[in-house]
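Okay, structure first, notes after.
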Amino acid sequence: MEQPCNNPKINIMKKTLLVMLMGMFVFSSYAQTTKEVEVSNAEKFSTSSGALIKKDYLEIGDIKGAKVQVVKFQDLISDKSTSAIKFEYEVKSSYSTDTKQALLDVDEIDGLMKSIKIMQEKIFPSTSENYSEVIYRSRGGFEAGCYWSKGKWTTYLKLEKYDGKSYVFLSQEDFTTLYSFLEQAKGKL
């Protein structure tokens with residue numbers, strides 16, 4: 001039978017090693033749960049280092065409290081520019097207001113418009129026996145979609161990929177308004 005160690009230095013070293021191992025386990029499990037950050041090309045452009053960025057905002061409209069704007073970004077040093085459609089929504093809680101936003105790159109607008117048309121023409125007139133989802137997703141994490149639940153299609157926008165509070169619930173008719181706003185925005189890019 002082995003005798004317990006009575007050397008206080010060895011006992012302290014064992015405890016220190018145990019604490020360090022536990023800390024490494026906690027930090028490694030935390031690192032595995034970090035969320036991937038997805039950003040649009042316009043956001044990458046607007047946050048590039050060494051640039052002096054001017055932003056011009058053009059109001060397009062409002063859907064259920066979500067503002068739709070065209071944002072024009074210009075690097076005043078290199079004279080390069082890009083544009084995007086911005087969706088912005090204020091979420092009010094009892095203690096604060098949080099602003100959710102998403103940027104849709106110019107090359108993604110036609111895909112969103114086509115998706116809206118497909119949902120209006122093929123999805124909304126249909127029914128489903130099971131819960132179903134139809135989702136358009138941009139490279140920055142913005143979503144526009146619908147889901148079948150309780151005998152009807154419910155439409156929505158989701159501005160931030162990992163944020164359940166960034167949903168804007170719409171009616172099917174609101175998708176017609178959104179499509180119109182996208183057409184207007186394309187004319188101002």
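Naming works like this for the structure tokens: A, B, ... for the chains as they're shown, residue 1 at the start of each chain, ligands 1 onward in shown order.
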
Using only C-alpha atoms, what does the table of segment 38-69 of chain A residues within 7 Å of segment 139-153 of chain A look like, with each row giving the shortest atom pair and its distance in Å to one decimal, sorted by chain and ascending number, as JSON lines?
{"residue": "A:Glu38", "atom": "CA", "partner": "A:Gly140", "partner_atom": "CA", "distance": 4.9}
{"residue": "A:Val39", "atom": "CA", "partner": "A:Gly140", "partner_atom": "CA", "distance": 4.2}
{"residue": "A:Ser40", "atom": "CA", "partner": "A:Gly140", "partner_atom": "CA", "distance": 4.4}

(message) I'd like to know which residues of segment 29-163 of chain A are alpha helix (DSSP H) (by DSSP, run on the backbone); could you write them as a list in words?
(response)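 Residues of segment 29-163 of chain A classed as alpha helix (DSSP H): Ser29, Tyr30, Ala31, Gln32, Asn41, Ala42, Glu43, Lys44, Phe45, Ser46, Val106, Asp107, Glu108, Ile109, Asp110, Gly111, Leu112, Met113, Lys114, Ser115, Ile116, Lys117 and Ile118 of chain A.
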
How would the residues just picked look written out with N, CA and C atoms as a short mmCIF file (atom, residue, chain, number, x, y, z; two decimals), in the first residue's frame?
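Final file, selection.cif:
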data_model
loop_
_atom_site.label_atom_id
_atom_site.label_comp_id
_atom_site.auth_asym_id
_atom_site.auth_seq_id
_atom_site.Cartn_x
_atom_site.Cartn_y
_atom_site.Cartn_z
N SER A 29 -12.66 24.51 -24.09
CA SER A 29 -14.07 24.30 -24.43
C SER A 29 -14.73 25.62 -24.79
N TYR A 30 -14.33 26.72 -24.19
CA TYR A 30 -14.86 28.03 -24.55
C TYR A 30 -14.44 28.40 -25.97
N ALA A 31 -13.21 28.14 -26.32
CA ALA A 31 -12.71 28.48 -27.65
C ALA A 31 -13.46 27.74 -28.73
N GLN A 32 -13.95 26.56 -28.45
CA GLN A 32 -14.67 25.79 -29.45
C GLN A 32 -16.07 26.31 -29.68
N ASN A 41 -18.97 42.12 -48.11
CA ASN A 41 -17.83 42.78 -48.76
C ASN A 41 -17.82 44.27 -48.47
N ALA A 42 -19.02 44.88 -48.42
CA ALA A 42 -19.11 46.31 -48.13
C ALA A 42 -18.59 46.61 -46.72
N GLU A 43 -18.90 45.73 -45.78
CA GLU A 43 -18.42 45.92 -44.41
C GLU A 43 -16.90 45.77 -44.34
N LYS A 44 -16.36 44.80 -45.07
CA LYS A 44 -14.90 44.65 -45.13
C LYS A 44 -14.27 45.92 -45.69
N PHE A 45 -14.85 46.44 -46.76
CA PHE A 45 -14.33 47.66 -47.38
C PHE A 45 -14.38 48.83 -46.39
N SER A 46 -15.50 48.97 -45.70
CA SER A 46 -15.69 50.13 -44.82
C SER A 46 -14.85 50.07 -43.55
N VAL A 106 -24.06 44.59 -53.24
CA VAL A 106 -24.69 44.86 -54.53
C VAL A 106 -24.90 43.57 -55.32
N ASP A 107 -23.91 42.69 -55.31
CA ASP A 107 -24.01 41.46 -56.11
C ASP A 107 -24.97 40.43 -55.51
N GLU A 108 -25.55 40.72 -54.35
CA GLU A 108 -26.50 39.82 -53.72
C GLU A 108 -27.95 40.27 -53.90
N ILE A 109 -28.16 41.48 -54.38
CA ILE A 109 -29.51 42.04 -54.48
C ILE A 109 -30.38 41.22 -55.43
N ASP A 110 -29.86 40.90 -56.61
CA ASP A 110 -30.66 40.14 -57.58
C ASP A 110 -31.05 38.77 -57.02
N GLY A 111 -30.16 38.14 -56.28
CA GLY A 111 -30.47 36.84 -55.67
C GLY A 111 -31.60 36.94 -54.66
N LEU A 112 -31.59 38.01 -53.86
CA LEU A 112 -32.67 38.22 -52.90
C LEU A 112 -33.98 38.50 -53.63
N MET A 113 -33.92 39.33 -54.67
CA MET A 113 -35.14 39.65 -55.42
C MET A 113 -35.72 38.39 -56.07
N LYS A 114 -34.88 37.58 -56.65
CA LYS A 114 -35.34 36.33 -57.27
C LYS A 114 -35.94 35.40 -56.21
N SER A 115 -35.32 35.34 -55.04
CA SER A 115 -35.82 34.51 -53.95
C SER A 115 -37.20 34.97 -53.49
N ILE A 116 -37.39 36.28 -53.39
CA ILE A 116 -38.70 36.82 -52.99
C ILE A 116 -39.76 36.41 -54.01
N LYS A 117 -39.45 36.55 -55.30
CA LYS A 117 -40.40 36.18 -56.36
C LYS A 117 -40.75 34.69 -56.28
N ILE A 118 -39.76 33.85 -56.07
CA ILE A 118 -40.02 32.40 -55.98
C ILE A 118 -40.92 32.10 -54.78
#

(request) Counting only C-alpha atoms, figure out which residue out of A:Thr154, A:Ser138, A:Ser128, A:Ser78 gets nearest to Leu104 of chain A. (result) A:Ser138

(message) Between atom CA of Gln101 of chain A and atom CA of Tyr89 of chain A, what distance in Å does the model show, to one decimal?
(response) 6.3 Å

(message) Using only C-alpha atoms, can you tell me which of A:Thr97, A:Gln120, A:Ser49, A:Gln74 comes closest to Leu178 of chain A?
(response)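 Of all the options, A:Gln120 lies closest to Leu178 of chain A.
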
Using only C-alpha atoms, what does the table of segment 147-183 of chain A residues within 8 Å of segment 58-68 of chain A look like, with each row giving the shortest atom pair and its distance in Å to one decimal, sorted by chain and ascending number, as a tab-separated table?
residue	atom	partner	partner_atom	distance
A:Val168	CA	A:Lys64	CA	7.2
A:Phe169	CA	A:Lys64	CA	7.7
A:Leu170	CA	A:Lys64	CA	6.9
A:Asp174	CA	A:Ile63	CA	7.0
A:Thr177	CA	A:Ile63	CA	7.6
A:Leu178	CA	A:Ile63	CA	7.3
A:Phe181	CA	A:Ile60	CA	6.3

Please produce a file of those selected residues containing N, CA and C atoms, as a PDB file, in the first residue's frame.
ATOM      1  N   VAL A 168     -37.350  40.298 -37.787  1.00  0.00           N
ATOM      2  CA  VAL A 168     -38.420  41.236 -38.106  1.00  0.00           C
ATOM      3  C   VAL A 168     -39.484  40.389 -38.803  1.00  0.00           C
ATOM      4  N   PHE A 169     -40.615  40.174 -38.144  1.00  0.00           N
ATOM      5  CA  PHE A 169     -41.668  39.340 -38.729  1.00  0.00           C
ATOM      6  C   PHE A 169     -42.539  40.188 -39.640  1.00  0.00           C
ATOM      7  N   LEU A 170     -42.787  39.661 -40.826  1.00  0.00           N
ATOM      8  CA  LEU A 170     -43.500  40.383 -41.870  1.00  0.00           C
ATOM      9  C   LEU A 170     -44.753  39.614 -42.277  1.00  0.00           C
ATOM     10  N   ASP A 174     -45.918  42.244 -47.135  1.00  0.00           N
ATOM     11  CA  ASP A 174     -44.713  43.041 -46.882  1.00  0.00           C
ATOM     12  C   ASP A 174     -43.571  42.635 -47.810  1.00  0.00           C
ATOM     13  N   THR A 177     -43.676  44.858 -50.719  1.00  0.00           N
ATOM     14  CA  THR A 177     -43.070  46.153 -50.388  1.00  0.00           C
ATOM     15  C   THR A 177     -41.553  46.041 -50.377  1.00  0.00           C
ATOM     16  N   LEU A 178     -41.023  44.985 -49.788  1.00  0.00           N
ATOM     17  CA  LEU A 178     -39.578  44.776 -49.752  1.00  0.00           C
ATOM     18  C   LEU A 178     -39.018  44.691 -51.164  1.00  0.00           C
ATOM     19  N   PHE A 181     -38.825  48.106 -52.575  1.00  0.00           N
ATOM     20  CA  PHE A 181     -37.700  48.846 -51.985  1.00  0.00           C
ATOM     21  C   PHE A 181     -36.376  48.424 -52.620  1.00  0.00           C
TER      22      PHE A 181
END

(request) Would you please give, as a ChimeraX atom specification, all residues of chain A that DSSP assigns to strand (DSSP E) based on the backbone? (result) /A:53-63,66-75,81-92,97-105,132-137,143-149,152-158,167-170

(request) Could you check how far atom CA of Glu121 of chain A sits from atom CA of Leu159 of chain A, in Å to one decimal? (result)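 Straight-line distance from atom CA of Glu121 of chain A to atom CA of Leu159 of chain A works out to 24.0 Å.
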
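Counting only C-alpha atoms and comparing A:Ala185, A:Ala102, A:Tyr131, A:Phe124, the residue that lies closest to Gln172 of chain A is A:Phe124.
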